[in-house]
>>> print(open('work.txt').read())   # compact mmCIF, C-alpha atoms
# COMPACT_ATOMS: atom_id res chain seq x y z
CA MET R 26 97.16 76.64 91.60
CA SER R 27 97.84 80.13 90.25
CA LEU R 28 94.95 82.58 90.26
CA LEU R 29 96.02 83.78 86.79
CA LYS R 30 98.21 81.78 84.45
CA MET R 31 99.12 82.82 80.90
CA ALA R 32 101.34 80.52 78.86
CA HIS R 33 102.73 80.91 75.33
CA VAL R 34 100.23 83.65 74.57
CA SER R 35 100.23 85.29 71.15
CA ALA R 36 97.88 88.01 69.95
CA PHE R 37 97.29 90.11 66.86
CA TYR R 38 95.78 93.42 65.82
CA GLY R 39 94.43 92.44 62.44
CA PRO R 40 97.39 91.04 60.47
CA SER R 41 99.98 92.58 62.83
CA GLN R 42 101.28 90.35 65.60
CA ALA R 43 101.72 92.17 68.93
CA LEU R 44 102.37 89.29 71.36
CA PHE R 45 104.55 86.32 70.49
CA ASP R 46 105.21 84.34 73.67
CA VAL R 47 103.95 85.84 76.93
CA HIS R 48 104.09 83.96 80.22
CA ILE R 49 102.61 85.35 83.44
CA SER R 50 101.45 83.71 86.66
CA VAL R 51 99.87 85.50 89.60
CA GLU R 52 99.09 83.92 92.95
CA ASP R 53 96.45 85.02 95.45
CA GLY R 54 97.79 87.97 97.43
CA GLU R 55 100.71 88.52 95.08
CA LEU R 56 101.61 91.84 93.47
CA VAL R 57 103.22 91.43 90.06
CA ALA R 58 104.91 94.29 88.22
CA LEU R 59 104.43 94.05 84.46
CA MET R 60 107.28 96.02 82.94
CA GLY R 61 108.95 96.92 79.67
CA ARG R 62 109.69 99.88 77.46
CA ASN R 63 106.88 101.61 75.58
CA GLY R 64 105.37 99.53 72.82
CA MET R 65 106.60 96.16 74.10
CA GLY R 66 103.16 94.65 74.72
CA LYS R 67 102.18 95.55 78.28
CA SER R 68 98.79 97.10 77.52
CA THR R 69 98.10 94.42 74.91
CA THR R 70 98.74 91.78 77.56
CA ILE R 71 96.29 93.54 79.87
CA LYS R 72 93.68 93.53 77.09
CA VAL R 73 94.15 89.78 76.66
CA ILE R 74 93.76 89.17 80.40
CA CYS R 75 90.52 91.17 80.43
CA ARG R 76 89.39 89.61 77.12
CA LEU R 77 89.26 92.97 75.37
CA LEU R 78 91.53 91.30 72.81
CA LYS R 79 91.47 87.62 71.92
CA ASN R 80 94.70 85.67 71.98
CA ARG R 81 95.34 83.56 68.91
CA GLY R 82 97.69 81.12 70.60
CA GLY R 83 98.54 79.94 74.09
CA SER R 84 96.30 79.67 77.14
CA VAL R 85 94.80 82.03 79.70
CA LEU R 86 93.48 80.49 82.89
CA PHE R 87 91.77 82.32 85.75
CA ASN R 88 91.20 80.39 88.96
CA GLY R 89 91.89 77.23 86.97
CA GLU R 90 89.25 77.97 84.31
CA ASP R 91 90.04 78.57 80.65
CA ILE R 92 88.71 82.05 79.90
CA THR R 93 89.82 82.34 76.28
CA ARG R 94 86.28 81.96 74.93
CA LEU R 95 84.61 84.25 77.46
CA PRO R 96 83.48 87.82 76.76
CA PRO R 97 84.89 90.65 78.90
CA HIS R 98 81.84 91.09 81.13
CA LYS R 99 81.92 87.45 82.22
CA VAL R 100 85.62 87.66 83.07
CA ALA R 101 84.87 90.79 85.11
CA ARG R 102 82.16 88.90 86.98
CA MET R 103 84.66 86.13 87.72
CA GLY R 104 86.76 88.66 89.60
CA VAL R 105 89.06 90.59 87.26
CA GLY R 106 88.91 94.33 87.96
CA LEU R 107 90.55 96.70 85.47
CA VAL R 108 91.84 100.23 86.07
CA PRO R 109 92.45 101.20 82.44
CA GLU R 110 95.15 103.46 81.11
CA GLY R 111 93.73 106.95 80.77
CA ARG R 112 91.22 106.40 83.61
CA ARG R 113 88.11 106.54 81.35
CA CYS R 114 85.69 107.78 83.99
CA PHE R 115 82.12 108.58 83.00
CA THR R 116 82.61 112.34 82.93
CA ASP R 117 78.89 113.27 83.05
CA LEU R 118 78.17 111.05 86.04
CA THR R 119 78.90 111.99 89.64
CA VAL R 120 81.64 110.34 91.66
CA TYR R 121 79.06 108.22 93.45
CA GLU R 122 77.32 107.23 90.20
CA ASN R 123 80.66 106.19 88.70
CA LEU R 124 81.39 104.02 91.70
CA ILE R 125 78.07 102.20 91.74
CA ALA R 126 77.80 101.81 87.96
CA ALA R 127 79.43 98.37 87.98
CA ALA R 128 79.34 97.59 91.70
CA ARG R 129 78.89 94.01 92.82
CA PRO R 130 78.09 92.70 96.32
CA GLY R 131 81.08 92.26 98.60
CA GLU R 132 83.35 93.96 101.10
CA TRP R 133 84.09 96.92 98.85
CA ASP R 134 81.34 99.52 98.99
CA PHE R 135 81.30 103.32 98.88
CA ALA R 136 82.21 103.65 102.54
CA ARG R 137 85.29 101.47 102.20
CA VAL R 138 86.44 103.15 98.99
CA ALA R 139 86.01 106.52 100.72
CA ARG R 140 88.22 105.36 103.57
CA LEU R 141 90.92 104.47 101.06
CA PHE R 142 90.44 107.75 99.15
CA PRO R 143 88.82 110.35 101.46
CA ARG R 144 88.74 112.88 98.63
CA LEU R 145 86.10 110.79 96.88
CA ARG R 146 83.78 111.27 99.85
CA GLU R 147 84.36 115.03 99.63
CA ARG R 148 83.63 114.96 95.87
CA ARG R 149 80.73 112.49 96.12
CA ASP R 150 78.23 114.62 94.22
CA GLN R 151 80.63 116.26 91.74
CA THR R 152 80.65 115.07 88.15
CA ALA R 153 83.80 113.16 87.25
CA GLY R 154 84.64 115.63 84.49
CA THR R 155 85.25 118.34 87.09
CA LEU R 156 87.85 116.31 89.02
CA SER R 157 91.59 116.69 88.74
CA GLY R 158 93.58 113.97 86.98
CA GLY R 159 94.67 112.51 90.30
CA GLU R 160 91.14 112.45 91.64
CA GLN R 161 89.94 110.76 88.45
CA GLN R 162 92.62 108.10 88.96
CA MET R 163 91.41 107.52 92.51
CA LEU R 164 87.89 107.24 91.11
CA ALA R 165 88.99 104.71 88.48
CA ILE R 166 90.65 102.57 91.15
CA GLY R 167 87.62 102.87 93.42
CA ARG R 168 85.30 101.90 90.56
CA ALA R 169 87.34 98.72 89.95
CA LEU R 170 87.36 97.90 93.66
CA MET R 171 83.56 98.24 93.79
CA THR R 172 83.37 95.20 91.50
CA ASN R 173 84.97 93.30 94.42
CA PRO R 174 87.68 91.68 92.29
CA ARG R 175 90.04 88.85 93.16
CA LEU R 176 92.58 90.31 90.71
CA LEU R 177 93.06 94.06 90.35
CA VAL R 178 94.83 95.17 87.17
CA LEU R 179 96.28 98.70 87.10
CA ASP R 180 97.49 99.90 83.71
CA GLU R 181 99.82 102.92 84.13
CA ALA R 182 98.19 103.88 87.42
CA THR R 183 100.44 106.88 88.13
CA GLU R 184 101.33 108.11 84.64
CA GLY R 185 101.13 111.88 84.18
CA LEU R 186 100.20 112.63 87.80
CA ALA R 187 101.78 115.20 90.09
CA PRO R 188 104.40 113.73 92.48
CA VAL R 189 102.26 114.26 95.59
CA VAL R 190 99.31 112.47 93.97
CA ARG R 191 101.56 109.67 92.74
CA GLN R 192 102.59 109.05 96.33
CA GLU R 193 98.93 108.90 97.41
CA ILE R 194 98.25 106.28 94.73
CA TRP R 195 101.30 104.23 95.72
CA ALA R 196 100.28 104.42 99.39
CA ALA R 197 96.83 103.10 98.44
CA ILE R 198 98.34 100.24 96.42
CA SER R 199 100.59 99.36 99.36
CA LYS R 200 97.59 99.38 101.69
CA LEU R 201 95.59 97.16 99.34
CA LYS R 202 98.42 94.63 99.23
CA ALA R 203 98.97 94.65 102.98
CA GLU R 204 95.36 94.55 104.12
CA THR R 205 93.27 92.72 101.54
CA GLY R 206 95.14 89.69 100.21
CA MET R 207 93.99 90.75 96.75
CA ALA R 208 96.15 89.76 93.78
CA ILE R 209 97.37 92.80 91.87
CA ILE R 210 99.08 93.43 88.52
CA VAL R 211 100.67 96.86 88.16
CA VAL R 212 101.98 98.30 84.89
CA ASP R 213 104.35 101.12 85.81
CA LYS R 214 107.86 102.38 85.17
CA SER R 215 108.70 103.51 88.72
CA LEU R 216 111.31 101.05 89.94
CA LYS R 217 111.68 102.77 93.31
CA GLU R 218 107.98 102.63 94.14
CA LEU R 219 107.51 99.15 92.72
CA SER R 220 110.41 97.82 94.79
CA ALA R 221 108.45 98.66 97.95
CA VAL R 222 105.35 96.65 96.99
CA ALA R 223 106.06 94.14 94.19
CA ASP R 224 106.69 90.46 94.88
CA LYS R 225 107.55 89.55 91.31
CA ALA R 226 108.36 91.20 87.98
CA VAL R 227 107.59 90.17 84.43
CA ILE R 228 109.49 92.08 81.76
CA LEU R 229 108.25 92.15 78.17
CA GLU R 230 110.46 92.79 75.15
CA LYS R 231 108.87 92.91 71.69
CA GLY R 232 105.85 90.91 72.79
CA ARG R 233 107.76 88.23 74.69
CA SER R 234 108.36 87.52 78.37
CA VAL R 235 112.12 87.92 78.60
CA TRP R 236 112.59 88.05 82.37
CA VAL R 237 110.45 86.64 85.19
CA GLY R 238 111.47 86.47 88.81
CA ASP R 239 111.37 87.93 92.30
CA PHE R 240 111.44 91.70 92.16
CA GLY R 241 114.39 91.77 94.55
CA SER R 242 116.40 89.77 92.02
CA LEU R 243 116.24 92.50 89.39
CA THR R 244 119.81 93.58 88.78
CA PRO R 245 121.05 96.86 87.26
CA GLU R 246 122.21 94.83 84.26
CA VAL R 247 118.68 93.50 83.66
CA THR R 248 117.02 96.89 84.10
CA ASP R 249 119.56 98.59 81.84
CA LYS R 250 119.10 95.94 79.17
CA TYR R 251 115.31 95.82 79.11
CA LEU R 252 114.07 99.03 80.77
CA GLY R 253 116.73 101.62 80.04
CA VAL R 254 116.23 104.37 77.51
>>> encode(input="work.txt", output="structure tokens")
Amino acid sequence: MSLLKMAHVSAFYGPSQALFDVHISVEDGELVALMGRNGMGKSTTIKVICRLLKNRGGSVLFNGEDITRLPPHKVARMGVGLVPEGRRCFTDLTVYENLIAAARPGEWDFARVARLFPRLRERRDQTAGTLSGGEQQMLAIGRALMTNPRLLVLDEATEGLAPVVRQEIWAAISKLKAETGMAIIVVDKSLKELSAVADKAVILEKGRSVWVGDFGSLTPEVTDKYLGV
């Protein structure tokens, strides 16, 4: 049984349809790359998974349970951890306060997050608004991990970051995959970095899943057709 299974999902913003036929399945321990050009429905799909946007058609199952009628906080308690696009840290709270704001009991606590991102230990008592963009991204990931999720969802986890920080984030994602058995969805455009960690890819085109398969099966023809500029 898939940990997450979306089938024939459609979704709207008011009268405007954004998703038409999205299919995604994620197994325990699997890292899935959710890909597509800008505006093709990736962030909308993430919102549907996290129940920040209701789907009008299709089904969304998490751990075999239909979650389409559940509010976002209940889905989070079931084990879906979101690292949102734009980080959205609580800028007036300290690093430590951000991390414990939504913490739930489990293996992930401040000490473990600090081992993954040592800079967060160094910045423990700084307010989040004083951190660099890369440090805020580490904080956003750590905050999601402190909810002890079964599925970690990273929406544009490395966008706009300096190359050296991007590599730190990718190293952390690789470590999470190798050492935790956590299921992960990553929205990103970096084919090179994704190829080192992703098991599977789902490509969206105009709100539809147009290619699903092992990441290693992505051909230049497919990437040029659906991901090229």
>>> closest_atom_pairs(input="work.txt", of="range 65-132 of chain R", to="range 231-247 of chain R", cutoff="10 Å", atoms="only C-alpha atoms", output="CSV")
residue,atom,partner,partner_atom,distance
R:Met65,CA,R:Lys231,CA,4.6
R:Gly66,CA,R:Gly232,CA,5.0
R:Lys67,CA,R:Gly232,CA,8.1
R:Thr69,CA,R:Gly232,CA,8.8
R:Thr70,CA,R:Gly232,CA,8.6
>>> write_last_selection(input="work.txt", atoms="C-alpha atoms", output="CSV table (one decimal), keeping the file's coordinate frame")
chain,number,residue,atom,x,y,z
R,65,MET,CA,106.6,96.2,74.1
R,66,GLY,CA,103.2,94.6,74.7
R,67,LYS,CA,102.2,95.6,78.3
R,69,THR,CA,98.1,94.4,74.9
R,70,THR,CA,98.7,91.8,77.6
>>> closest_atom_pairs(input="work.txt", of="range 69-125 of chain R", to="range 174-192 of chain R", cutoff="12 Å", atoms="all atoms listed in the file", output="tab-separated table")
residue	atom	partner	partner_atom	distance
R:Thr69	CA	R:Asp180	CA	10.4
R:Thr70	CA	R:Asp180	CA	10.3
R:Ile71	CA	R:Asp180	CA	7.5
R:Lys72	CA	R:Asp180	CA	9.9
R:Val73	CA	R:Val178	CA	11.8
R:Ile74	CA	R:Val178	CA	9.1
R:Cys75	CA	R:Val178	CA	8.9
R:Phe87	CA	R:Leu176	CA	9.4
R:Asn88	CA	R:Arg175	CA	9.5
R:Val100	CA	R:Pro174	CA	10.3
R:Ala101	CA	R:Pro174	CA	7.8
R:Arg102	CA	R:Pro174	CA	8.1
R:Met103	CA	R:Pro174	CA	7.8
R:Gly104	CA	R:Pro174	CA	4.1
R:Val105	CA	R:Leu176	CA	4.9
R:Gly106	CA	R:Leu177	CA	4.8
R:Leu107	CA	R:Val178	CA	4.9
R:Val108	CA	R:Leu179	CA	4.8
R:Pro109	CA	R:Asp180	CA	5.4
R:Glu110	CA	R:Asp180	CA	5.0
R:Gly111	CA	R:Glu181	CA	8.0
R:Arg112	CA	R:Ala182	CA	8.3
R:Arg113	CA	R:Asp180	CA	11.7
>>> closest_residue(input="work.txt", among="R:Tyr121, R:Gln42, R:Leu141, R:Phe115", to="Gly154 in chain R", atoms="only C-alpha atoms")
R:Phe115
>>> closest_atom_pairs(input="work.txt", of="range 77-163 of chain R", to="range 30-33 of chain R", cutoff="9 Å", atoms="only C-alpha atoms", output="tab-separated table")
residue	atom	partner	partner_atom	distance
R:Gly82	CA	R:His33	CA	6.9
R:Gly83	CA	R:His33	CA	4.5
R:Ser84	CA	R:Ala32	CA	5.4
R:Val85	CA	R:Met31	CA	4.6
R:Leu86	CA	R:Lys30	CA	5.1
R:Phe87	CA	R:Lys30	CA	6.6
R:Asn88	CA	R:Lys30	CA	8.5
R:Gly89	CA	R:Lys30	CA	8.2
>>> closest_residue(input="work.txt", among="R:Val34, R:Cys114, R:Val57, R:Ala139", to="Thr93 in chain R", atoms="only C-alpha atoms")
R:Val34
>>> axis_aligned_box(input="work.txt", around="range 192-211 of chain R", padding_each_side="4 Å", output="lines of an AutoDock Vina configuration file")
center_x = 97.9
center_y = 99.4
center_z = 96.1
size_x = 17.3
size_y = 27.4
size_z = 24.0
>>> residues_near_point(input="work.txt", point="(81.9, 100.9, 92.7)", cutoff="9 Å", atoms="all atoms listed in the file", output="list in words")
Tyr121, Glu122, Asn123, Leu124, Ile125, Ala126, Ala127, Ala128, Arg129, Trp133, Asp134, Phe135, Val138, Leu164, Gly167, Arg168, Ala169, Leu170, Met171, Thr172 and Asn173 of chain R
>>> closest_residue(input="work.txt", among="R:Ala221, R:Ala36, R:Leu77, R:Met60", to="Leu252 in chain R", atoms="all atoms listed in the file")
R:Met60
>>> closest_residue(input="work.txt", among="R:Thr248, R:Leu118, R:Met26, R:Val227", to="Val47 in chain R", atoms="all atoms listed in the file")
R:Val227
>>> closest_residue(input="work.txt", among="R:Ser68, R:Asp117, R:Arg146, R:Ser199", to="Leu56 in chain R", atoms="all atoms listed in the file")
R:Ser199
>>> closest_residue(input="work.txt", among="R:Asp224, R:Gly39, R:Thr119, R:Asp46", to="Asp150 in chain R", atoms="all atoms listed in the file")
R:Thr119
>>> atom_distance(input="work.txt", atom1="CA of Leu156 in chain R", atom2="CA of Ile209 in chain R")
25.5 Å
>>> atom_distance(input="work.txt", atom1="CA of Ser220 in chain R", atom2="CA of Lys200 in chain R")
14.6 Å
>>> atom_distance(input="work.txt", atom1="CA of Arg94 in chain R", atom2="CA of Ser50 in chain R")
19.3 Å
